[in-house]
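Here is run_2.cif, consisting of mmCIF, C-alpha atoms:
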```cif
data_data
#
loop_
_atom_site.label_atom_id
_atom_site.label_comp_id
_atom_site.auth_asym_id
_atom_site.auth_seq_id
_atom_site.Cartn_x
_atom_site.Cartn_y
_atom_site.Cartn_z
CA MET T 30 0.00 0.00 0.00
CA ASP T 31 1.21 3.46 -0.92
CA ALA T 32 2.33 5.46 2.12
CA ASN T 33 0.97 8.73 0.75
CA SER T 34 -2.47 7.18 0.25
CA LEU T 35 -2.44 5.79 3.79
CA LYS T 36 -1.39 9.20 5.10
CA ALA T 37 -4.28 10.83 3.24
CA PHE T 38 -6.71 8.27 4.66
CA LEU T 39 -5.52 8.84 8.23
CA THR T 40 -5.51 12.63 7.90
CA ILE T 41 -9.09 12.64 6.59
CA VAL T 42 -10.14 10.54 9.59
CA ASP T 43 -8.20 12.62 12.12
CA GLN T 44 -9.28 16.00 10.73
CA GLY T 45 -12.85 14.94 10.11
CA SER T 46 -13.09 16.42 6.63
CA PHE T 47 -11.46 16.36 3.21
CA SER T 48 -10.91 20.11 3.17
CA GLU T 49 -9.09 20.18 6.53
CA ALA T 50 -7.06 17.11 5.52
CA ALA T 51 -6.01 18.94 2.34
CA GLU T 52 -4.94 21.95 4.37
CA THR T 53 -2.97 19.79 6.80
CA LEU T 54 -1.20 17.92 3.98
CA HIS T 55 -0.65 21.10 1.91
CA LEU T 56 -2.52 19.55 -1.00
CA THR T 57 -5.62 20.43 -2.97
CA GLN T 58 -8.85 18.74 -1.95
CA PRO T 59 -9.09 16.86 -5.29
CA ALA T 60 -5.56 15.51 -4.72
CA VAL T 61 -6.55 14.16 -1.30
CA SER T 62 -9.70 12.60 -2.75
CA LYS T 63 -7.63 11.02 -5.53
CA ARG T 64 -5.24 9.43 -3.02
CA LEU T 65 -8.12 7.97 -1.04
CA ALA T 66 -9.77 6.70 -4.22
CA ALA T 67 -6.53 5.00 -5.25
CA LEU T 68 -6.32 3.24 -1.87
CA GLU T 69 -9.96 2.16 -2.04
CA HIS T 70 -9.45 0.86 -5.59
CA GLN T 71 -6.37 -1.09 -4.54
CA LEU T 72 -8.22 -2.67 -1.60
CA GLY T 73 -11.40 -3.19 -3.57
CA THR T 74 -13.64 -1.65 -0.92
CA LYS T 75 -14.93 1.69 0.30
CA LEU T 76 -13.19 3.06 3.40
CA ILE T 77 -14.97 6.36 4.07
CA GLU T 78 -18.58 7.41 3.55
CA ARG T 79 -19.03 11.10 2.76
CA GLY T 80 -22.09 12.64 4.39
CA HIS T 81 -23.51 16.13 3.96
CA ARG T 82 -21.66 17.51 6.96
CA GLU T 83 -19.43 14.72 8.21
CA ILE T 84 -17.41 11.74 7.15
CA ARG T 85 -17.89 8.25 8.53
CA LEU T 86 -15.62 5.22 8.47
CA THR T 87 -17.00 2.07 6.91
CA GLU T 88 -16.52 -1.22 8.72
CA THR T 89 -13.50 -1.92 6.51
CA GLY T 90 -12.10 1.53 7.18
CA THR T 91 -12.40 0.97 10.91
CA ARG T 92 -10.47 -2.29 10.61
CA LEU T 93 -7.79 -0.68 8.46
CA LEU T 94 -7.22 2.28 10.82
CA PRO T 95 -4.83 0.69 13.38
CA HIS T 96 -2.90 -1.12 10.63
CA ALA T 97 -2.49 2.11 8.67
CA ARG T 98 -1.04 3.83 11.74
CA GLN T 99 1.30 0.88 12.34
CA ILE T 100 2.53 0.88 8.74
CA LEU T 101 3.35 4.59 8.86
CA ASP T 102 5.01 4.14 12.26
CA ASP T 103 7.20 1.39 10.77
CA ILE T 104 8.18 3.70 7.91
CA HIS T 105 8.94 6.47 10.43
CA ASN T 106 11.10 4.07 12.48
CA ALA T 107 12.98 2.92 9.38
CA LYS T 108 13.79 6.51 8.45
CA ALA T 109 14.89 7.23 12.02
CA ALA T 110 17.18 4.19 12.01
CA LEU T 111 18.80 5.36 8.77
CA SER T 112 19.26 8.96 9.89
CA SER T 113 22.71 10.46 10.22
CA ASN T 114 24.81 9.20 13.12
CA ASP T 115 27.63 11.71 12.67
CA GLY T 116 26.41 13.76 15.62
CA THR T 117 24.64 16.39 13.51
CA ILE T 118 21.08 17.08 14.64
CA THR T 119 18.89 18.91 12.15
CA GLY T 120 15.32 18.96 10.87
CA GLU T 121 12.04 19.69 12.63
CA LEU T 122 10.81 18.80 16.10
CA ASN T 123 7.07 18.90 16.74
CA ILE T 124 6.13 19.10 20.41
CA ILE T 125 3.09 19.83 22.55
CA ALA T 126 3.16 21.46 25.98
CA SER T 127 0.45 22.10 28.54
CA HIS T 128 -0.09 25.76 29.33
CA HIS T 129 1.51 25.44 32.78
CA ILE T 130 4.60 23.65 31.48
CA GLY T 131 4.79 26.14 28.63
CA LEU T 132 4.92 29.06 31.07
CA HIS T 133 7.02 27.66 33.90
CA HIS T 134 9.33 25.00 32.44
CA LEU T 135 9.55 25.19 28.66
CA PRO T 136 11.37 28.55 28.35
CA LYS T 137 14.59 27.31 29.96
CA TRP T 138 14.53 24.12 27.88
CA LEU T 139 14.02 26.00 24.63
CA ARG T 140 16.68 28.56 25.44
CA ARG T 141 19.26 25.82 25.93
CA PHE T 142 18.00 23.72 23.00
CA ALA T 143 18.20 26.66 20.59
CA ARG T 144 21.74 27.38 21.74
CA GLU T 145 22.96 23.77 21.44
CA TYR T 146 20.97 22.70 18.34
CA PRO T 147 20.51 25.77 16.13
CA GLU T 148 19.81 23.65 13.03
CA VAL T 149 16.58 22.25 14.48
CA SER T 150 13.28 24.04 13.87
CA VAL T 151 10.94 23.57 16.85
CA ASN T 152 7.19 23.62 16.16
CA LEU T 153 5.12 24.19 19.32
CA GLN T 154 1.50 23.61 20.18
CA PHE T 155 -0.01 24.63 23.53
CA MET T 156 -3.09 22.88 24.88
CA GLU T 157 -4.57 21.16 27.90
CA SER T 158 -3.05 17.82 28.85
CA ASP T 159 -6.18 15.82 27.97
CA ALA T 160 -6.22 17.31 24.47
CA ALA T 161 -2.50 16.57 24.08
CA TYR T 162 -3.09 12.84 24.50
CA SER T 163 -5.57 12.78 21.61
CA GLN T 164 -3.21 14.80 19.40
CA MET T 165 -0.41 12.34 20.09
CA VAL T 166 -2.61 9.46 18.95
CA LYS T 167 -3.03 11.33 15.64
CA ARG T 168 0.78 11.64 15.35
CA ASN T 169 0.56 15.45 15.35
CA ALA T 170 3.64 15.73 17.58
CA GLU T 171 6.60 13.61 18.57
CA LEU T 172 6.62 14.58 22.25
CA ALA T 173 4.06 16.02 24.62
CA PHE T 174 4.90 17.60 27.97
CA VAL T 175 1.85 17.11 30.16
CA THR T 176 0.44 16.23 33.56
CA LEU T 177 0.67 12.45 33.63
CA SER T 178 -2.66 10.69 33.85
CA ASP T 179 -3.36 7.96 36.40
CA SER T 180 -5.35 6.16 33.70
CA MET T 181 -2.88 6.46 30.84
CA GLU T 182 -3.40 4.00 28.01
CA ARG T 183 -0.69 1.49 27.10
CA GLN T 184 -0.08 3.10 23.71
CA PHE T 185 1.74 5.97 25.46
CA ALA T 186 5.35 5.78 26.62
CA VAL T 187 6.62 7.97 29.45
CA HIS T 188 10.14 9.13 28.54
CA GLN T 189 10.73 11.44 31.52
CA GLN T 190 8.79 12.35 34.63
CA TRP T 191 9.28 14.56 37.67
CA PRO T 192 7.15 15.63 40.66
CA ASP T 193 5.36 18.97 40.66
CA PRO T 194 4.78 19.87 44.35
CA MET T 195 1.35 21.40 45.04
CA MET T 196 0.08 23.54 47.91
CA PHE T 197 -3.24 24.74 49.28
CA VAL T 198 -3.39 28.51 48.93
CA THR T 199 -5.63 31.57 49.36
CA GLY T 200 -5.25 35.25 48.73
CA THR T 201 -3.43 37.19 51.43
CA ASP T 202 -6.69 38.75 52.74
CA HIS T 203 -8.75 35.54 52.92
CA ASP T 204 -10.37 34.53 56.24
CA LEU T 205 -8.36 31.29 56.32
CA THR T 206 -5.05 33.14 56.58
CA ALA T 207 -5.77 33.81 60.27
CA GLN T 208 -5.60 30.10 61.09
CA LYS T 209 -2.34 28.40 62.01
CA ALA T 210 -3.62 25.06 60.72
CA THR T 211 -6.34 24.42 58.14
CA THR T 212 -8.55 21.32 58.09
CA LEU T 213 -10.73 19.95 55.30
CA LYS T 214 -13.75 21.02 57.34
CA ASP T 215 -12.39 24.59 57.27
CA LEU T 216 -11.93 24.47 53.49
CA ALA T 217 -15.41 23.03 52.96
CA LYS T 218 -16.91 26.31 54.20
CA TYR T 219 -15.46 28.29 51.29
CA PRO T 220 -15.57 28.06 47.46
CA ALA T 221 -12.83 26.06 45.76
CA LEU T 222 -11.11 27.36 42.63
CA LEU T 223 -9.97 24.24 40.82
CA PRO T 224 -9.41 22.98 37.28
CA ASP T 225 -12.01 20.91 35.47
CA THR T 226 -13.32 17.66 36.95
CA THR T 227 -11.44 15.64 34.31
CA THR T 228 -8.01 16.78 35.57
CA ALA T 229 -5.69 14.88 37.89
CA THR T 230 -5.59 17.82 40.31
CA TYR T 231 -9.35 17.97 40.70
CA ARG T 232 -9.63 14.21 41.15
CA ALA T 233 -6.98 14.25 43.89
CA VAL T 234 -8.68 17.08 45.80
CA SER T 235 -12.14 15.59 45.29
CA ARG T 236 -10.95 12.25 46.68
CA LEU T 237 -9.89 13.94 49.94
CA PHE T 238 -13.33 15.49 50.40
CA LEU T 239 -15.19 12.31 49.44
CA GLU T 240 -13.23 10.25 51.95
CA ALA T 241 -14.00 12.86 54.65
CA ASN T 242 -17.68 12.99 53.58
CA LEU T 243 -17.46 16.76 53.09
CA PRO T 244 -18.85 18.95 50.29
CA LEU T 245 -16.52 20.49 47.74
CA LYS T 246 -17.84 23.85 46.55
CA GLN T 247 -16.33 24.14 43.09
CA GLN T 248 -16.58 27.67 41.65
CA ILE T 249 -15.81 28.88 38.11
CA PRO T 250 -13.76 25.86 36.94
CA THR T 251 -10.99 26.63 34.46
CA ASN T 252 -7.90 24.71 33.40
CA TYR T 253 -5.76 27.84 33.10
CA LEU T 254 -3.74 27.88 36.30
CA GLU T 255 -2.76 31.52 35.82
CA THR T 256 -6.46 32.42 35.82
CA ILE T 257 -7.05 30.29 38.93
CA LYS T 258 -4.12 32.03 40.60
CA MET T 259 -5.58 35.46 39.81
CA MET T 260 -9.03 34.54 41.13
CA THR T 261 -7.48 33.07 44.28
CA SER T 262 -5.30 36.13 44.89
CA VAL T 263 -8.31 38.46 44.86
CA GLY T 264 -10.17 36.39 47.45
CA LEU T 265 -12.73 34.43 45.41
CA GLY T 266 -11.82 31.17 47.11
CA TRP T 267 -9.02 28.75 47.96
CA SER T 268 -7.10 26.62 45.50
CA VAL T 269 -4.34 24.06 45.02
CA LEU T 270 -1.47 25.36 42.89
CA PRO T 271 2.07 24.28 42.02
CA LEU T 272 4.86 25.50 44.28
CA SER T 273 6.46 27.12 41.22
CA MET T 274 3.57 29.61 41.06
CA MET T 275 3.88 30.82 44.65
CA ASP T 276 4.51 34.57 45.08
CA SER T 277 3.55 37.46 47.36
CA SER T 278 -0.05 37.51 46.07
CA LEU T 279 -0.75 34.10 47.64
CA HIS T 280 -0.80 32.70 51.17
CA GLN T 281 0.13 29.07 51.75
CA LEU T 282 -2.24 27.22 54.08
CA MET T 283 -0.74 24.84 56.61
CA THR T 284 -2.50 21.47 56.27
CA GLU T 285 -1.96 17.88 57.42
CA PHE T 286 -2.97 16.58 53.99
CA SER T 287 -1.39 17.09 50.61
CA VAL T 288 -2.05 16.80 46.91
CA SER T 289 0.59 15.94 44.37
CA ARG T 290 0.86 15.45 40.64
CA VAL T 291 3.53 14.30 38.23
CA LEU T 292 4.60 16.07 35.05
CA GLY T 293 6.28 14.24 32.23
CA ALA T 294 7.22 13.80 28.62
CA ILE T 295 5.23 11.25 26.66
CA GLY T 296 5.59 9.68 23.26
CA LEU T 297 3.96 6.73 21.54
CA SER T 298 5.00 3.18 22.35
CA GLY T 299 6.78 1.54 19.44
CA ARG T 300 7.49 4.83 17.68
CA GLN T 301 11.20 5.64 17.63
CA LEU T 302 12.24 9.14 18.64
CA SER T 303 14.25 11.35 16.34
CA LEU T 304 17.69 12.57 17.33
CA ALA T 305 16.20 16.01 17.97
CA ALA T 306 13.55 14.59 20.32
CA SER T 307 16.16 12.58 22.20
CA ALA T 308 18.30 15.71 22.55
CA MET T 309 15.32 17.63 23.97
CA LEU T 310 14.70 14.84 26.49
CA ASP T 311 18.35 14.99 27.59
CA ILE T 312 17.89 18.69 28.37
CA VAL T 313 14.64 18.02 30.25
CA ARG T 314 16.38 15.33 32.29
CA ASP T 315 19.17 17.73 33.24
CA GLU T 316 16.83 20.61 34.10
CA GLU T 317 14.01 18.76 35.87
CA VAL T 318 14.81 15.16 36.75
CA ASN T 319 18.41 15.50 37.92
CA CYS T 320 18.21 19.04 39.34
#
```
Represent the supplied structure as structure tokens.
Amino acid sequence: MDANSLKAFLTIVDQGSFSEAAETLHLTQPAVSKRLAALEHQLGTKLIERGHREIRLTETGTRLLPHARQILDDIHNAKAALSSNDGTITGELNIIASHHIGLHHLPKWLRRFAREYPEVSVNLQFMESDAAYSQMVKRNAELAFVTLSDSMERQFAVHQQWPDPMMFVTGTDHDLTAQKATTLKDLAKYPALLPDTTTATYRAVSRLFLEANLPLKQQIPTNYLETIKMMTSVGLGWSVLPLSMMDSSLHQLMTEFSVSRVLGAIGLSGRQLSLAASAMLDIVRDEEVNC
């Protein structure tokens, strides 16, 4: 099977339309349709049904999907194995970073990477961790720097990980700042400013309150930690934020309980990393894991 036709098939599925697939592949829409038609002709069966507003995989297309990804992964791995081993690192590196990592960790990595590997062009995407996992499945990046999930699927490989200490905080004028020690019962009296219920941070905090049989008053959920920090600093409620975000606008609450999360770099199992990606991971290891 022709690799370009398989790539067109996968891009149509991942983008959800022929027009967006054409834009992604830098082709005309007729060219994308022609590649799919050639693949369908070769296989003797229809792979995608075109509706008025959406596309739908046929049963055969659904069965082909994982094999198509595997074939393109094998081609990727073959190219990686044949790449230059003279120490020169060039080309492109596509990575994804969560907003928090992008603000508080990525700058120092990129500064060093640009200095040590000037021939590499880094393409960045910023998004929430949950969205990053789905983009990795579509092979839209080689590495993603995210909050690691406690329910991560086996198709993901964790290349590096490091703890991200968290703390319970309020604004400096909040009622809770007058207490030497804060209990869950104390927190339950006030609104909580936390990320969405799908996040690891929310699940960890929610578990504490469930086990204590106490209500958790979630207010204005948002996954942007900088926004949560602002709302906390002006007294709208208490929150749980990374130690790296602590400054004079926040007050750390003294508690007997804690919440933690782990940040990390993920790739896809069975998909070999490029020399550029490996070089980036070496920098991350030096800056975060071995610091």
task: Find the spatial neighbours of region 156-158 of chain T, counting all atoms listed in the file, within a cut-off of 9 Å - ignore same-chain residues fewer than 4 positions away - and output them as a PyMOL selection string.
output: chain T and resi 125-129+162+173-178+228+252-253
- request: Record the distance separating CA of Lys167 (chain T) and CA of Ala109 (chain T), expressed in Å with one decimal.
  value: 18.7 Å
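Nearest to Met260 (chain T) of all the residues T:Ala306, T:Val198, T:Leu101, T:Ala67 is T:Val198, based on all atoms listed in the file.
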task: Evaluate the PyMOL selection byres ((chain T and resi 44-51) around 9) and record the selected residues as a PyMOL selection string, following the chain and residue labels used in the document.
output: chain T and resi 37-43+52-62+79+82-85
query: Expanded to explicit residues, what is the PyMOL selection byres ((chain T and resi 32) around 9) for this file, as a PyMOL selection string?
result: chain T and resi 30-31+33-37+97+100-101+104
message: Using only C-alpha atoms, which protein or nucleic acid residues come within 9 Å of Leu139 (chain T)? Drop anything in the same chain fewer than 5 positions from it, and give the result as a list in words.
response: Arg144, Val151 and Met309 of chain T
- request: Would you mind listing what lies within 8 Å of Pro250 (chain T) as a list in words, with all atoms listed in the file counted and same-chain residues fewer than 3 positions away left out?
  value: Leu222, Leu223, Pro224, Asp225 and Gln247 of chain T
Could the residues in this selection be saved with C-alpha atoms as an mmCIF file, keeping the file's coordinate frame?
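Dumped everything to again-v7.cif:
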```cif
data_model
loop_
_atom_site.group_PDB
_atom_site.id
_atom_site.type_symbol
_atom_site.label_atom_id
_atom_site.label_comp_id
_atom_site.auth_asym_id
_atom_site.auth_seq_id
_atom_site.Cartn_x
_atom_site.Cartn_y
_atom_site.Cartn_z
ATOM 1 C CA LEU T 222 -11.110 27.360 42.630
ATOM 2 C CA LEU T 223 -9.970 24.240 40.820
ATOM 3 C CA PRO T 224 -9.410 22.980 37.280
ATOM 4 C CA ASP T 225 -12.010 20.910 35.470
ATOM 5 C CA GLN T 247 -16.330 24.140 43.090
#
```
Run the PyMOL selection byres ((chain T and resi 263) around 9) against the file shown and list the residues it catches, as a compact mmCIF listing (two decimals) with C-alpha atoms, in the frame of the given file.
```
# COMPACT_ATOMS: atom_id res chain seq x y z
CA THR T 199 -5.63 31.57 49.36
CA GLY T 200 -5.25 35.25 48.73
CA THR T 201 -3.43 37.19 51.43
CA ASP T 202 -6.69 38.75 52.74
CA HIS T 203 -8.75 35.54 52.92
CA LYS T 258 -4.12 32.03 40.60
CA MET T 259 -5.58 35.46 39.81
CA MET T 260 -9.03 34.54 41.13
CA THR T 261 -7.48 33.07 44.28
CA SER T 262 -5.30 36.13 44.89
CA GLY T 264 -10.17 36.39 47.45
CA LEU T 265 -12.73 34.43 45.41
CA GLY T 266 -11.82 31.17 47.11
CA SER T 278 -0.05 37.51 46.07
```
- prompt: Of the candidates T:His133, T:Arg141, T:Thr226, T:Leu72, which shows the shortest atom-to-atom distance to Asp311 (chain T), using all atoms listed in the file?
  reply: T:Arg141
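In terms of minimum interatomic distance to Arg314 (chain T), T:Gln190 ranks closest within T:Met283, T:Ser180, T:Pro271, T:Gln190, counting all atoms listed in the file.
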message: Residues near Phe197 (chain T), anyone? I mean within 7 Å using only C-alpha atoms, not counting same-chain ones fewer than 2 positions away, as a list in words.
response: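 My list of contacting residues is Ser268, Val269, Leu270, Gln281 and Leu282 of chain T.
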At the level of all heavy atoms, write region 194-205 of chain T to a file as an mmCIF file, in the first residue's frame, please.
```cif
data_model
loop_
_atom_site.group_PDB
_atom_site.id
_atom_site.type_symbol
_atom_site.label_atom_id
_atom_site.label_comp_id
_atom_site.auth_asym_id
_atom_site.auth_seq_id
_atom_site.Cartn_x
_atom_site.Cartn_y
_atom_site.Cartn_z
ATOM 1 N N PRO T 194 5.383 19.668 43.024
ATOM 2 C CA PRO T 194 4.784 19.874 44.350
ATOM 3 C C PRO T 194 3.636 20.877 44.295
ATOM 4 O O PRO T 194 3.730 21.916 43.642
ATOM 5 C CB PRO T 194 5.952 20.410 45.180
ATOM 6 C CG PRO T 194 7.184 19.961 44.458
ATOM 7 C CD PRO T 194 6.829 19.970 43.018
ATOM 8 N N MET T 195 2.542 20.549 45.013
ATOM 9 C CA MET T 195 1.355 21.403 45.043
ATOM 10 C C MET T 195 1.112 21.890 46.469
ATOM 11 O O MET T 195 1.541 21.257 47.441
ATOM 12 C CB MET T 195 0.123 20.620 44.570
ATOM 13 C CG MET T 195 0.294 19.914 43.234
ATOM 14 S SD MET T 195 0.142 21.020 41.814
ATOM 15 C CE MET T 195 -1.641 21.218 41.744
ATOM 16 N N MET T 196 0.402 23.008 46.590
ATOM 17 C CA MET T 196 0.083 23.538 47.915
ATOM 18 C C MET T 196 -1.319 24.127 47.922
ATOM 19 O O MET T 196 -1.819 24.587 46.895
ATOM 20 C CB MET T 196 1.096 24.603 48.319
ATOM 21 C CG MET T 196 1.099 25.835 47.434
ATOM 22 S SD MET T 196 2.302 27.061 47.966
ATOM 23 C CE MET T 196 3.797 26.147 47.613
ATOM 24 N N PHE T 197 -1.950 24.092 49.091
ATOM 25 C CA PHE T 197 -3.242 24.741 49.280
ATOM 26 C C PHE T 197 -2.984 26.219 49.567
ATOM 27 O O PHE T 197 -2.169 26.551 50.438
ATOM 28 C CB PHE T 197 -4.007 24.093 50.437
ATOM 29 C CG PHE T 197 -4.569 22.742 50.099
ATOM 30 C CD1 PHE T 197 -3.774 21.607 50.126
ATOM 31 C CD2 PHE T 197 -5.900 22.606 49.736
ATOM 32 C CE1 PHE T 197 -4.283 20.363 49.806
ATOM 33 C CE2 PHE T 197 -6.430 21.363 49.414
ATOM 34 C CZ PHE T 197 -5.621 20.238 49.446
ATOM 35 N N VAL T 198 -3.670 27.082 48.830
ATOM 36 C CA VAL T 198 -3.394 28.511 48.935
ATOM 37 C C VAL T 198 -4.686 29.330 48.949
ATOM 38 O O VAL T 198 -5.746 28.877 48.500
ATOM 39 C CB VAL T 198 -2.509 29.000 47.768
ATOM 40 C CG1 VAL T 198 -1.145 28.361 47.796
ATOM 41 C CG2 VAL T 198 -3.207 28.741 46.433
ATOM 42 N N THR T 199 -4.568 30.555 49.459
ATOM 43 C CA THR T 199 -5.626 31.568 49.363
ATOM 44 C C THR T 199 -4.959 32.889 49.023
ATOM 45 O O THR T 199 -3.727 32.991 48.980
ATOM 46 C CB THR T 199 -6.378 31.738 50.701
ATOM 47 O OG1 THR T 199 -5.453 32.227 51.685
ATOM 48 C CG2 THR T 199 -7.006 30.448 51.169
ATOM 49 N N GLY T 200 -5.787 33.909 48.835
ATOM 50 C CA GLY T 200 -5.246 35.255 48.732
ATOM 51 C C GLY T 200 -4.795 35.719 50.104
ATOM 52 O O GLY T 200 -5.172 35.145 51.136
ATOM 53 N N THR T 201 -4.011 36.749 50.150
ATOM 54 C CA THR T 201 -3.430 37.193 51.429
ATOM 55 C C THR T 201 -4.458 37.805 52.381
ATOM 56 O O THR T 201 -4.189 37.933 53.579
ATOM 57 C CB THR T 201 -2.318 38.225 51.158
ATOM 58 O OG1 THR T 201 -2.854 39.302 50.364
ATOM 59 C CG2 THR T 201 -1.152 37.578 50.414
ATOM 60 N N ASP T 202 -5.653 38.155 51.893
ATOM 61 C CA ASP T 202 -6.689 38.752 52.744
ATOM 62 C C ASP T 202 -7.822 37.774 53.078
ATOM 63 O O ASP T 202 -8.824 38.173 53.671
ATOM 64 C CB ASP T 202 -7.294 39.988 52.060
ATOM 65 C CG ASP T 202 -6.270 41.098 51.889
ATOM 66 O OD1 ASP T 202 -5.378 41.216 52.754
ATOM 67 O OD2 ASP T 202 -6.364 41.843 50.888
ATOM 68 N N HIS T 203 -7.689 36.524 52.709
ATOM 69 C CA HIS T 203 -8.752 35.542 52.924
ATOM 70 C C HIS T 203 -8.892 35.219 54.413
ATOM 71 O O HIS T 203 -7.918 35.288 55.181
ATOM 72 C CB HIS T 203 -8.440 34.258 52.155
ATOM 73 C CG HIS T 203 -9.603 33.337 51.998
ATOM 74 N ND1 HIS T 203 -10.011 32.486 52.992
ATOM 75 C CD2 HIS T 203 -10.445 33.141 50.955
ATOM 76 C CE1 HIS T 203 -11.051 31.784 52.571
ATOM 77 N NE2 HIS T 203 -11.342 32.162 51.337
ATOM 78 N N ASP T 204 -10.104 34.868 54.834
ATOM 79 C CA ASP T 204 -10.368 34.534 56.242
ATOM 80 C C ASP T 204 -9.469 33.409 56.750
ATOM 81 O O ASP T 204 -9.069 33.402 57.920
ATOM 82 C CB ASP T 204 -11.834 34.111 56.423
ATOM 83 C CG ASP T 204 -12.800 35.266 56.215
ATOM 84 O OD1 ASP T 204 -12.334 36.426 56.195
ATOM 85 O OD2 ASP T 204 -14.014 35.008 56.070
ATOM 86 N N LEU T 205 -9.141 32.458 55.885
ATOM 87 C CA LEU T 205 -8.363 31.291 56.315
ATOM 88 C C LEU T 205 -6.923 31.632 56.673
ATOM 89 O O LEU T 205 -6.234 30.833 57.314
ATOM 90 C CB LEU T 205 -8.377 30.219 55.217
ATOM 91 C CG LEU T 205 -9.708 29.469 55.026
ATOM 92 C CD1 LEU T 205 -9.641 28.581 53.789
ATOM 93 C CD2 LEU T 205 -10.044 28.637 56.258
#
```
